[in-house]
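**Student:** Just passing along the structure, written as structure tokens.
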Amino acid sequence: MEKNRIIYQDPEFQDPEVADSKERPQLKNKVLNVPYAKKTEYELMDLYFPEKGNGPFPVIMDVHGGGWFYGSRSSERMEPVLNGLGMGYAVASVDYTLSGHGQFPLQVYELKAAIRFLRANAENYNLDAERIVLWGLSAGAHLSMLTALSGDDELVDLSFGNPQYSSKVAAAVALYGPVDLSLGDTRSPDSPEAKLLGTAVHNNMDLAKKADPRSYVKLDGPPLFLQYGNADGIVPLEHGYAIKKALSDAKREQDYFEIVDGAKHADSKFRTKENTDKIFEFINRNSQRRNNIRKGE
């Protein structure tokens with residue numbers, strides 16, 4: 001594997017300034033630009049609600065990708081997530097502070113603040129606050145794994161709001177997500193990994209380990225749905241094998257791991273109806289897990 005590989009040097013991601021977003025005027029039941037915390041200007045979410053059903057609705061929280069340094073909650077790549085609206089799920093699409101404006105672990109603090117916000121405001125938005133599932137792609141998958149696996153125990157800053165509520169989730173979907181940041185360019189201060197950490201990975205391996213989802217794997221943690229492409233030159237299979245081994249070593253049986261044959265990074269193979277149905281089968285099964293809404297309950 002090439003140690004000097006730069007993540008996101010890919011035709012799909014050549015120009016971060018190109019808007020990867022949609023207005024979605026066809027979705028009528030929505031509340032946009034909802035602040036979930038007050039630490040930075042980026043802590044906003046959009047909420048979408050099913051057109052049918054009385055609720056309360058379980059929630060899928062979408063976490064966008066973009067190498068931690070660009071992307072937005074209105075990404076076109078969340079279209080498969082929105083299929084959940086027809087199945088009775090509300091969708092919360094969340095922005096977080098990009099690495100040009102703040103470094104890890106800020107992004108995880110923010111995602112957990114968003115989870116607690118949803119719980120604190122469940123009655124206002126008619127949500128089932130015990131049934132929250134994360135869905136992340138690429139960098140968003142990395143952050144989703146960290147958020148799900150660390151739960152209420154680690155990587156939490158309750159000053160971001162609603163400290164009386166739990167940051168736990170029922171499950172997480174993580175597609176082609178980085179795991180071991182040392183597999184990239186460890187010495188460059190300009191790599192996406194370095195921008196996330198605020199320093200070259202080589203300079204702070206302890207922080208890189210803290211940003212590694214494997215550091216938080218526990219036997220009873222929430223189930224993960226993991227997929228990696230074996231033709232991915234951006235987040236290669238080494239990442240998938242690394243998290244798979246950690247889950248296996250912990251003797252977990254609740255996870256789903258798959259290698260998608262011939263799939264490149266962000267490949268359309270991940271967005272087929274067949275694959276989306278597979279993901280929702282996992283979500284439907286695991287969103288039934290009940291989580292404590294308030295800490296200590």
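As shown in the structure tokens, the chain order sets the letters A, B, ...; within each chain, residues go from 1, and ligands are also counted from 1 in the order they appear.
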How close does each residue of range 184-270 of chain A get to range 134-149 of chain A, giving the shortest atom pair and distance in Å to one decimal for every residue with an atom at most 8 Å away, counting only C-alpha atoms, sorted by chain and residue number, as JSON lines?
**Tutor:**
```
{"residue": "A:Ala211", "atom": "CA", "partner": "A:Leu146", "partner_atom": "CA", "distance": 7.4}
{"residue": "A:Asp212", "atom": "CA", "partner": "A:Leu146", "partner_atom": "CA", "distance": 7.3}
{"residue": "A:Pro213", "atom": "CA", "partner": "A:Leu146", "partner_atom": "CA", "distance": 4.9}
{"residue": "A:Tyr216", "atom": "CA", "partner": "A:Leu149", "partner_atom": "CA", "distance": 5.4}
{"residue": "A:Val217", "atom": "CA", "partner": "A:Leu149", "partner_atom": "CA", "distance": 5.9}
{"residue": "A:Lys218", "atom": "CA", "partner": "A:Leu149", "partner_atom": "CA", "distance": 7.4}
{"residue": "A:Gly221", "atom": "CA", "partner": "A:Leu149", "partner_atom": "CA", "distance": 5.9}
{"residue": "A:Pro222", "atom": "CA", "partner": "A:Ala148", "partner_atom": "CA", "distance": 6.6}
{"residue": "A:Leu224", "atom": "CA", "partner": "A:Met145", "partner_atom": "CA", "distance": 7.7}
{"residue": "A:Val235", "atom": "CA", "partner": "A:Ser138", "partner_atom": "CA", "distance": 7.8}
{"residue": "A:Ala266", "atom": "CA", "partner": "A:Ser138", "partner_atom": "CA", "distance": 7.7}
```
**Student:** Give the helix (DSSP H, G or I) residues of range 43-135 of chain A, as assigned by DSSP on the backbone, as a ChimeraX atom specification.
**Tutor:** /A:76-87,106-120,122-125
**Student:** Can I get the selection written as a PDB file, in the first residue's frame, with N, CA and C atoms?
**Tutor:**
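Wrote result19.pdb, looks like this:
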```pdb
ATOM      1  N   GLU A  76     -26.069  15.221  -1.717  1.00  0.00           N
ATOM      2  CA  GLU A  76     -26.874  14.340  -2.565  1.00  0.00           C
ATOM      3  C   GLU A  76     -26.716  12.881  -2.161  1.00  0.00           C
ATOM      4  N   ARG A  77     -25.613  12.552  -1.512  1.00  0.00           N
ATOM      5  CA  ARG A  77     -25.355  11.155  -1.172  1.00  0.00           C
ATOM      6  C   ARG A  77     -26.243  10.648  -0.044  1.00  0.00           C
ATOM      7  N   MET A  78     -27.060  11.520   0.547  1.00  0.00           N
ATOM      8  CA  MET A  78     -27.965  11.045   1.591  1.00  0.00           C
ATOM      9  C   MET A  78     -29.293  10.553   1.025  1.00  0.00           C
ATOM     10  N   GLU A  79     -29.429  10.536  -0.309  1.00  0.00           N
ATOM     11  CA  GLU A  79     -30.700  10.115  -0.903  1.00  0.00           C
ATOM     12  C   GLU A  79     -31.141   8.727  -0.429  1.00  0.00           C
ATOM     13  N   PRO A  80     -30.257   7.717  -0.349  1.00  0.00           N
ATOM     14  CA  PRO A  80     -30.717   6.416   0.169  1.00  0.00           C
ATOM     15  C   PRO A  80     -31.262   6.501   1.588  1.00  0.00           C
ATOM     16  N   VAL A  81     -30.692   7.382   2.405  1.00  0.00           N
ATOM     17  CA  VAL A  81     -31.167   7.537   3.781  1.00  0.00           C
ATOM     18  C   VAL A  81     -32.615   8.001   3.791  1.00  0.00           C
ATOM     19  N   LEU A  82     -32.960   8.886   2.858  1.00  0.00           N
ATOM     20  CA  LEU A  82     -34.308   9.447   2.815  1.00  0.00           C
ATOM     21  C   LEU A  82     -35.367   8.409   2.465  1.00  0.00           C
ATOM     22  N   ASN A  83     -34.951   7.250   1.970  1.00  0.00           N
ATOM     23  CA  ASN A  83     -35.912   6.162   1.767  1.00  0.00           C
ATOM     24  C   ASN A  83     -36.570   5.764   3.080  1.00  0.00           C
ATOM     25  N   GLY A  84     -35.900   6.063   4.176  1.00  0.00           N
ATOM     26  CA  GLY A  84     -36.459   5.743   5.479  1.00  0.00           C
ATOM     27  C   GLY A  84     -37.751   6.482   5.774  1.00  0.00           C
ATOM     28  N   LEU A  85     -37.975   7.615   5.123  1.00  0.00           N
ATOM     29  CA  LEU A  85     -39.207   8.369   5.357  1.00  0.00           C
ATOM     30  C   LEU A  85     -40.430   7.532   5.023  1.00  0.00           C
ATOM     31  N   GLY A  86     -40.322   6.744   3.959  1.00  0.00           N
ATOM     32  CA  GLY A  86     -41.437   5.892   3.557  1.00  0.00           C
ATOM     33  C   GLY A  86     -41.619   4.677   4.442  1.00  0.00           C
ATOM     34  N   MET A  87     -40.671   4.442   5.338  1.00  0.00           N
ATOM     35  CA  MET A  87     -40.742   3.305   6.258  1.00  0.00           C
ATOM     36  C   MET A  87     -41.057   3.744   7.684  1.00  0.00           C
ATOM     37  N   LEU A 106     -13.666  17.457  18.452  1.00  0.00           N
ATOM     38  CA  LEU A 106     -14.815  18.358  18.374  1.00  0.00           C
ATOM     39  C   LEU A 106     -15.973  17.748  17.607  1.00  0.00           C
ATOM     40  N   GLN A 107     -15.677  17.114  16.472  1.00  0.00           N
ATOM     41  CA  GLN A 107     -16.740  16.588  15.617  1.00  0.00           C
ATOM     42  C   GLN A 107     -17.572  15.517  16.322  1.00  0.00           C
ATOM     43  N   VAL A 108     -16.928  14.695  17.128  1.00  0.00           N
ATOM     44  CA  VAL A 108     -17.663  13.663  17.872  1.00  0.00           C
ATOM     45  C   VAL A 108     -18.481  14.302  18.990  1.00  0.00           C
ATOM     46  N   TYR A 109     -17.904  15.294  19.657  1.00  0.00           N
ATOM     47  CA  TYR A 109     -18.681  16.025  20.664  1.00  0.00           C
ATOM     48  C   TYR A 109     -19.970  16.572  20.047  1.00  0.00           C
ATOM     49  N   GLU A 110     -19.847  17.080  18.827  1.00  0.00           N
ATOM     50  CA  GLU A 110     -21.008  17.684  18.166  1.00  0.00           C
ATOM     51  C   GLU A 110     -22.060  16.645  17.795  1.00  0.00           C
ATOM     52  N   LEU A 111     -21.631  15.526  17.254  1.00  0.00           N
ATOM     53  CA  LEU A 111     -22.600  14.493  16.895  1.00  0.00           C
ATOM     54  C   LEU A 111     -23.337  13.993  18.128  1.00  0.00           C
ATOM     55  N   LYS A 112     -22.626  13.864  19.224  1.00  0.00           N
ATOM     56  CA  LYS A 112     -23.298  13.429  20.457  1.00  0.00           C
ATOM     57  C   LYS A 112     -24.228  14.515  20.989  1.00  0.00           C
ATOM     58  N   ALA A 113     -23.850  15.767  20.800  1.00  0.00           N
ATOM     59  CA  ALA A 113     -24.749  16.859  21.175  1.00  0.00           C
ATOM     60  C   ALA A 113     -26.016  16.817  20.336  1.00  0.00           C
ATOM     61  N   ALA A 114     -25.879  16.475  19.049  1.00  0.00           N
ATOM     62  CA  ALA A 114     -27.052  16.361  18.177  1.00  0.00           C
ATOM     63  C   ALA A 114     -27.972  15.238  18.646  1.00  0.00           C
ATOM     64  N   ILE A 115     -27.388  14.124  19.058  1.00  0.00           N
ATOM     65  CA  ILE A 115     -28.187  13.005  19.579  1.00  0.00           C
ATOM     66  C   ILE A 115     -28.949  13.441  20.829  1.00  0.00           C
ATOM     67  N   ARG A 116     -28.261  14.114  21.727  1.00  0.00           N
ATOM     68  CA  ARG A 116     -28.921  14.560  22.960  1.00  0.00           C
ATOM     69  C   ARG A 116     -29.990  15.609  22.673  1.00  0.00           C
ATOM     70  N   PHE A 117     -29.743  16.457  21.685  1.00  0.00           N
ATOM     71  CA  PHE A 117     -30.752  17.444  21.288  1.00  0.00           C
ATOM     72  C   PHE A 117     -32.022  16.756  20.799  1.00  0.00           C
ATOM     73  N   LEU A 118     -31.858  15.726  19.981  1.00  0.00           N
ATOM     74  CA  LEU A 118     -33.022  14.986  19.483  1.00  0.00           C
ATOM     75  C   LEU A 118     -33.809  14.391  20.638  1.00  0.00           C
ATOM     76  N   ARG A 119     -33.111  13.890  21.629  1.00  0.00           N
ATOM     77  CA  ARG A 119     -33.801  13.310  22.785  1.00  0.00           C
ATOM     78  C   ARG A 119     -34.494  14.398  23.611  1.00  0.00           C
ATOM     79  N   ALA A 120     -33.812  15.510  23.807  1.00  0.00           N
ATOM     80  CA  ALA A 120     -34.393  16.583  24.616  1.00  0.00           C
ATOM     81  C   ALA A 120     -35.621  17.187  23.947  1.00  0.00           C
ATOM     82  N   ALA A 122     -37.619  15.466  21.673  1.00  0.00           N
ATOM     83  CA  ALA A 122     -38.394  14.384  21.056  1.00  0.00           C
ATOM     84  C   ALA A 122     -39.884  14.682  21.050  1.00  0.00           C
ATOM     85  N   GLU A 123     -40.396  15.225  22.124  1.00  0.00           N
ATOM     86  CA  GLU A 123     -41.833  15.508  22.183  1.00  0.00           C
ATOM     87  C   GLU A 123     -42.212  16.606  21.195  1.00  0.00           C
ATOM     88  N   ASN A 124     -41.370  17.622  21.067  1.00  0.00           N
ATOM     89  CA  ASN A 124     -41.657  18.720  20.135  1.00  0.00           C
ATOM     90  C   ASN A 124     -41.728  18.241  18.695  1.00  0.00           C
ATOM     91  N   TYR A 125     -40.862  17.284  18.339  1.00  0.00           N
ATOM     92  CA  TYR A 125     -40.770  16.818  16.955  1.00  0.00           C
ATOM     93  C   TYR A 125     -41.410  15.451  16.733  1.00  0.00           C
TER      94      TYR A 125
END
```
**Student:** Set the distance at 9 Å and use only C-alpha atoms: which residues neighbour Asp180 in chain A once local chain neighbours fewer than 4 positions away are removed? I'd like the list as a list in words.
**Tutor:**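 That gives Gly184, Ala208, Lys209, Ala211, Asp212, Pro213, Arg214, Glu238, His239, Ala242 and Ile243 of chain A.
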**Student:** For the residues selected in the previous step, produce a file with C-alpha atoms as a compact mmCIF listing (two decimals), in the first residue's frame.
**Tutor:**
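Done, and the output landed in again-v7.txt:
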```
# COMPACT_ATOMS: atom_id res chain seq x y z
CA GLY A 184 -2.45 7.25 5.37
CA ALA A 208 -4.50 9.16 16.29
CA LYS A 209 -5.28 6.17 18.51
CA ALA A 211 -9.46 8.85 16.77
CA ASP A 212 -9.44 5.12 15.96
CA PRO A 213 -12.85 3.41 16.39
CA ARG A 214 -11.10 0.23 17.52
CA GLU A 238 -6.97 -2.52 5.33
CA HIS A 239 -9.35 -0.25 7.24
CA ALA A 242 -8.75 -3.65 10.97
CA ILE A 243 -12.19 -2.94 12.42
```
**Student:** If you run DSSP over the backbone, which residues in range 102-288 of chain A end up strand (DSSP E)? Put them as a list in words.
**Tutor:**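 The residues of range 102-288 of chain A classed as strand (DSSP E) are Leu127, Asp128, Ala129, Glu130, Arg131, Ile132, Val133, Leu134, Trp135, Gly136, Leu137, Ala171, Ala172, Val173, Ala174, Leu175, Leu224, Phe225, Leu226, Gln227, Tyr228, Gly229, Tyr256, Phe257, Glu258, Ile259 and Val260 of chain A.
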**Student:** Just to confirm, what's the straight-line distance from CA of Glu193 in chain A to CA of Gly151 in chain A in Å (one decimal)?
**Tutor:**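 Between these atoms lies a distance of 22.7 Å.
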**Student:** Would you mind reading off the distance between CA of Val94 in chain A and CA of Ser166 in chain A, one decimal, in Å?
**Tutor:** 17.8 Å
**Student:** For CA of Leu196 in chain A and CA of Leu237 in chain A, determine how far apart the two atoms are, in Å to one decimal place.
**Tutor:**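 We find that CA of Leu196 in chain A and CA of Leu237 in chain A lie 21.0 Å from each other.
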**Student:** List the spatial neighbours of Leu47 in chain A as a PyMOL selection string - criterion: any atom at most 8 Å away, only C-alpha atoms, same-chain residues fewer than 3 positions off excluded.
**Tutor:** chain A and resi 30-32+34+90-93
